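Undergrad: For reference, the file data.cif (mmCIF, C-alpha atoms) is included below:
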data_work
loop_
_atom_site.label_atom_id
_atom_site.label_comp_id
_atom_site.auth_asym_id
_atom_site.auth_seq_id
_atom_site.Cartn_x
_atom_site.Cartn_y
_atom_site.Cartn_z
CA MET V 1 92.02 100.57 132.18
CA LEU V 2 93.27 98.56 129.17
CA THR V 3 89.83 98.82 127.55
CA ILE V 4 89.83 102.59 128.05
CA ARG V 5 93.26 102.85 126.45
CA ARG V 6 92.18 100.79 123.45
CA PHE V 7 89.09 102.96 123.04
CA THR V 8 91.27 106.09 123.24
CA ILE V 9 93.61 104.76 120.55
CA ALA V 10 90.65 103.84 118.33
CA ALA V 11 89.20 107.35 118.78
CA LEU V 12 92.53 108.93 117.89
CA LEU V 13 92.82 106.76 114.79
CA PHE V 14 89.37 107.89 113.74
CA LEU V 15 90.27 111.55 114.22
CA GLY V 16 93.67 111.07 112.59
CA TYR V 17 92.30 109.63 109.35
CA VAL V 18 88.53 109.58 108.97
CA TYR V 19 88.02 113.16 110.14
CA VAL V 20 90.69 114.46 107.76
CA ARG V 21 89.08 112.57 104.87
CA LEU V 22 85.62 113.85 105.69
CA ALA V 23 86.94 117.40 106.04
CA GLY V 24 87.44 117.42 102.30
CA ASP V 25 90.84 115.82 101.82
CA SER V 26 91.11 112.99 99.33
CA HIS V 27 93.63 110.35 98.42
CA THR V 28 95.71 113.05 96.74
CA LEU V 29 99.36 112.11 96.40
CA VAL V 30 102.03 114.65 97.25
CA ASN V 31 105.45 114.05 95.70
CA THR V 32 108.47 115.45 97.52
CA GLY V 33 111.82 114.23 96.28
CA LEU V 34 111.96 110.47 96.76
CA LEU V 35 108.83 110.44 98.90
CA SER V 36 105.21 110.23 97.86
CA PHE V 37 102.39 110.20 100.41
CA GLN V 38 98.66 110.75 100.70
CA THR V 39 97.73 113.96 102.45
CA SER V 40 94.99 112.23 104.44
CA ARG V 41 97.37 109.90 106.29
CA PRO V 42 100.11 111.83 108.19
CA LEU V 43 97.99 112.22 111.34
CA HIS V 44 97.04 108.55 111.12
CA TYR V 45 100.72 107.60 111.01
CA LEU V 46 101.48 109.98 113.88
CA VAL V 47 98.99 108.20 116.14
CA TYR V 48 100.71 104.87 115.48
CA PHE V 49 104.14 106.37 116.10
CA PHE V 50 103.26 107.73 119.54
CA ALA V 51 101.15 104.67 120.42
CA GLY V 52 104.18 102.49 119.70
CA TYR V 53 106.37 104.82 121.71
CA ALA V 54 103.99 104.58 124.69
CA VAL V 55 103.80 100.78 124.50
CA GLY V 56 107.58 100.47 124.23
CA ALA V 57 108.15 102.82 127.17
CA ASN V 58 106.31 100.33 129.39
CA GLY V 59 108.78 97.60 128.49
CA LEU V 60 108.82 95.12 125.60
CA GLU V 61 108.21 92.11 127.85
CA ARG V 62 105.42 93.50 130.00
CA GLY V 63 101.82 94.51 129.54
CA LEU V 64 100.56 94.45 125.97
CA LEU V 65 103.74 92.87 124.57
CA SER V 66 104.12 90.17 127.19
CA ALA V 67 104.76 86.72 125.71
CA ASP V 68 102.07 85.24 127.97
CA GLY V 69 99.72 88.21 127.89
CA ALA V 70 96.20 88.52 126.55
CA LEU V 71 97.36 89.56 123.08
CA ALA V 72 99.46 86.41 122.61
CA ARG V 73 96.77 84.14 124.06
CA GLN V 74 94.12 85.54 121.70
CA TRP V 75 96.24 85.38 118.55
CA ALA V 76 93.65 83.32 116.62
CA TRP V 77 90.96 85.92 117.23
CA TRP V 78 93.29 88.64 115.95
CA VAL V 79 93.92 86.68 112.75
CA VAL V 80 90.17 86.55 112.18
CA ALA V 81 89.88 90.24 113.06
CA ALA V 82 92.62 91.13 110.56
CA PHE V 83 90.81 89.40 107.69
CA ALA V 84 87.47 90.85 108.77
CA GLY V 85 88.98 94.32 108.96
CA PHE V 86 90.48 93.97 105.50
CA PHE V 87 87.15 93.04 103.93
CA ALA V 88 85.37 95.75 105.94
CA TRP V 89 87.67 98.23 104.23
CA ALA V 90 88.04 96.66 100.76
CA GLY V 91 84.31 96.05 100.23
CA PRO V 92 83.02 99.63 100.46
CA THR V 93 86.25 101.01 98.97
CA TYR V 94 85.48 99.17 95.72
CA PHE V 95 82.48 101.45 95.21
CA THR V 96 84.64 104.59 95.51
CA LEU V 97 87.28 103.71 92.90
CA ASP V 98 87.61 104.39 89.17
CA GLY V 99 85.48 107.51 89.28
CA LYS V 100 82.48 105.83 90.88
CA GLU V 101 80.13 108.39 92.45
CA ALA V 102 79.41 106.74 95.79
CA PRO V 103 77.19 108.30 98.47
CA LEU V 104 78.86 109.99 101.44
CA ILE V 105 77.90 107.13 103.75
CA VAL V 106 79.93 104.72 101.60
CA HIS V 107 82.99 106.95 101.92
CA ILE V 108 82.49 107.13 105.70
CA VAL V 109 82.21 103.33 106.01
CA SER V 110 85.25 102.88 103.76
CA ASP V 111 87.36 105.28 105.83
CA ILE V 112 86.31 103.69 109.11
CA GLY V 113 87.08 100.29 107.59
CA PHE V 114 90.59 101.48 106.69
CA ALA V 115 91.28 102.57 110.27
CA ILE V 116 89.92 99.25 111.59
CA ALA V 117 91.90 97.18 109.05
CA CYS V 118 95.17 98.92 109.95
CA ALA V 119 94.64 98.46 113.70
CA ALA V 120 93.46 94.84 113.42
CA GLY V 121 96.33 93.93 111.09
CA SER V 122 98.89 95.49 113.43
CA PHE V 123 97.53 93.67 116.48
CA CYS V 124 97.34 90.43 114.46
CA PHE V 125 101.02 90.64 113.49
CA LEU V 126 102.05 91.39 117.07
CA ALA V 127 99.88 88.58 118.48
CA VAL V 128 101.22 85.94 116.04
CA CYS V 129 104.84 86.95 116.71
CA LEU V 130 104.34 86.95 120.48
CA ARG V 131 102.75 83.51 120.30
CA PHE V 132 105.11 81.73 117.90
CA ALA V 133 108.36 83.73 117.57
CA THR V 134 109.62 82.86 121.04
CA GLN V 135 113.05 81.38 120.22
CA ARG V 136 116.25 83.40 119.86
CA HIS V 137 117.86 83.47 116.44
CA TRP V 138 120.56 85.70 114.99
CA ALA V 139 118.25 86.81 112.16
CA PHE V 140 115.51 87.81 114.60
CA ASP V 141 118.08 89.58 116.78
CA SER V 142 119.26 91.58 113.78
CA LEU V 143 115.69 92.33 112.76
CA SER V 144 114.90 93.56 116.26
CA ALA V 145 118.01 95.74 116.44
CA ASN V 146 117.29 97.33 113.04
CA ALA V 147 113.49 97.56 113.26
CA TYR V 148 113.34 101.30 113.97
CA ASN V 149 115.68 102.19 111.09
CA MET V 150 113.61 99.93 108.83
CA TYR V 151 110.53 101.86 109.91
CA LEU V 152 112.26 105.11 108.97
CA ASN V 153 113.57 104.06 105.54
CA HIS V 154 111.03 101.52 104.26
CA TYR V 155 108.65 103.99 102.66
CA ILE V 156 111.11 104.94 99.93
CA PHE V 157 111.34 101.30 98.83
CA VAL V 158 107.56 100.81 99.09
CA VAL V 159 106.82 103.75 96.79
CA TRP V 160 109.38 103.00 94.10
CA LEU V 161 108.83 99.24 94.04
CA GLN V 162 105.13 99.89 93.45
CA PHE V 163 106.04 102.00 90.42
CA ALA V 164 108.48 99.33 89.26
CA VAL V 165 105.87 96.53 89.15
CA LEU V 166 103.10 98.55 87.49
CA GLY V 167 103.94 97.22 84.04
CA LEU V 168 104.28 93.57 85.05
CA GLY V 169 101.59 91.19 83.86
CA LEU V 170 100.84 89.80 87.31
CA PHE V 171 97.81 89.61 89.55
CA ALA V 172 97.59 92.09 92.40
CA VAL V 173 98.62 89.41 94.92
CA GLY V 174 101.83 88.71 92.98
CA LYS V 175 102.72 92.41 92.77
CA ALA V 176 101.96 92.87 96.46
CA ALA V 177 104.26 89.96 97.33
CA ILE V 178 107.10 91.46 95.26
CA VAL V 179 106.69 94.87 96.87
CA PHE V 180 106.44 93.45 100.39
CA LEU V 181 109.41 91.10 100.12
CA GLY V 182 111.51 93.61 98.20
CA THR V 183 110.81 96.36 100.72
CA PHE V 184 111.49 94.03 103.63
CA VAL V 185 114.88 92.92 102.30
CA ALA V 186 115.97 96.35 101.01
CA SER V 187 114.97 98.27 104.15
CA TRP V 188 116.64 95.66 106.36
CA ALA V 189 119.83 95.81 104.31
CA ALA V 190 119.82 99.62 104.38
CA ALA V 191 119.34 99.59 108.16
CA VAL V 192 122.26 97.19 108.60
CA VAL V 193 124.50 99.31 106.38
CA LEU V 194 123.67 102.47 108.28
CA GLY V 195 124.35 100.57 111.50
CA GLY V 196 121.76 102.41 113.58
CA LEU V 197 123.61 105.70 113.22
CA SER V 198 121.79 109.01 113.41
CA PRO V 199 122.35 111.31 110.39
CA GLY V 200 124.93 113.37 112.29
CA ALA V 201 126.77 110.29 113.54
CA PHE V 202 126.60 108.72 110.08
CA PHE V 203 128.29 111.70 108.42
CA ALA V 204 130.86 111.87 111.21
CA GLN V 205 131.61 108.18 110.68
CA ALA V 206 131.81 108.75 106.93
CA LYS V 207 134.43 111.46 107.48
CA ARG V 208 136.47 109.07 109.62
CA TRP V 209 136.24 106.40 106.91
CA MET V 210 137.40 108.90 104.30
CA ALA V 211 140.27 110.11 106.48
CA ALA V 212 141.36 106.53 107.16
CA SER V 213 141.17 105.70 103.45
CA VAL V 214 143.26 108.73 102.49
CA GLY V 215 145.83 107.93 105.21
CA GLN V 216 146.09 104.34 104.03
CA LYS V 217 146.73 105.45 100.45
CA GLN V 218 149.44 107.84 101.60
CA ASP V 219 151.14 105.04 103.57
CA ASP V 220 151.17 102.67 100.60
CA PRO V 221 154.57 102.38 98.90
CA VAL V 222 154.87 103.86 95.45
CA ARG V 223 155.00 101.16 92.81
#
Produce structure tokens that represent the structure in this file.
TA:
Amino acid sequence: MLTIRRFTIAALLFLGYVYVRLAGDSHTLVNTGLLSFQTSRPLHYLVYFFAGYAVGANGLERGLLSADGALARQWAWWVVAAFAGFFAWAGPTYFTLDGKEAPLIVHIVSDIGFAIACAAGSFCFLAVCLRFATQRHWAFDSLSANAYNMYLNHYIFVVWLQFAVLGLGLFAVGKAAIVFLGTFVASWAAAVVLGGLSPGAFFAQAKRWMAASVGQKQDDPVR
């Protein structure tokens, strides 16, 4: 049953990204306010969102996410798979950049490699954390409590930090490290500040803060 589910997820990832790319969409960027995204990826992201929802609904300490499950036991294989997936995507993608006229088969292999790299990298991260991050710590507790809000707000920081480092004279690895660490810290801080509130609850809380502030000023003695 687990194999069937993995095959289903892989098929959905293919349909969510590769099919859209082959249907004529490209890596075109759409800019909307603070957000910028590629039109070929929304369905791909949607598959991950609902896959994560389904896994979480089964319980975070059972099944796929069990600390002694198959994913944690095979963490080393997932590290290898993550690197293999990255090169499976980066290799053929090189021949499609900077105006290179690559054959259709190269684009197909590149798009399939992207889907594989994303899936392998995600499973690798989960496997390593399940295997080694087994002790309680206040920082990990905070990270766990704010993970969903970080997921919701991180893209703004990713996009603008990438623009910010474009002019720096660094190698790609250095720029990637700055964007990753900057996004991680900024999205975590934003999630903590928001306190897990929904937009409606956040504005309601803001009104209460304002009312309390005004009341405090009125109670202060005139100097």
Undergrad: Select, from V:Ser110, V:Thr183, V:Gln135, V:Ser144, the residue with the minimum atom-to-atom distance to V:Val158, counting all atoms listed in the file.
TA: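 Ranked by minimum distance to V:Val158, first place goes to V:Thr183.
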Undergrad: Tell me which of V:Asn58, V:Arg41, V:Ala191, V:Val179 sits closest to V:Leu166, counting all atoms listed in the file.
TA: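 Of all the options, V:Val179 lies closest to V:Leu166.
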Undergrad: Would you work out the distance separating atom CA of V:Val159 from atom CA of V:Val173, expressed in Å to one decimal?
TA: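 Between atom CA of V:Val159 and atom CA of V:Val173 the gap works out to 16.6 Å.
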Undergrad: Give me, as JSON lines, the closest atom pair and its distance (Å, one decimal) for every residue of stretch 68-93 of chain V within a cut-off of 12 Å of stretch 100-106 of chain V, counting all atoms listed in the file, rows sorted by chain and rising number.
TA:
{"residue": "V:Ala88", "atom": "CA", "partner": "V:Val106", "partner_atom": "CA", "distance": 11.4}
{"residue": "V:Trp89", "atom": "CA", "partner": "V:Val106", "partner_atom": "CA", "distance": 10.4}
{"residue": "V:Ala90", "atom": "CA", "partner": "V:Val106", "partner_atom": "CA", "distance": 11.5}
{"residue": "V:Gly91", "atom": "CA", "partner": "V:Val106", "partner_atom": "CA", "distance": 9.8}
{"residue": "V:Pro92", "atom": "CA", "partner": "V:Val106", "partner_atom": "CA", "distance": 6.1}
{"residue": "V:Thr93", "atom": "CA", "partner": "V:Val106", "partner_atom": "CA", "distance": 7.8}
Undergrad: Need to verify the contact set: V:Gln74, 10 Å, all atoms listed in the file, exclusion of same-chain residues closer than 3 positions in sequence. Can you return it as JSON, numbers by chain?
TA: {"V": [69, 70, 71, 77, 78, 79, 124, 127, 128, 131]}
Undergrad: Return as a list in words the set of residues that the PyMOL selection byres ((chain V and resi 188) around 10) yields on the displayed structure.
TA: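 Taken over the shown coordinates, the PyMOL selection byres ((chain V and resi 188) around 10) returns Ser142, Leu143, Asn146, Ala147, Asn149, Met150, Tyr151, Asn153, His154, Gly182, Thr183, Phe184, Val185, Ala186, Ser187, Ala189, Ala190, Ala191, Val192, Val193 and Leu194 of chain V.
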Undergrad: Excluding V:Phe125 and any residue of its chain fewer than 4 positions from it, enumerate the residues within 9 Å of it, using only C-alpha atoms, and give them as a count of residues only.
TA: 8
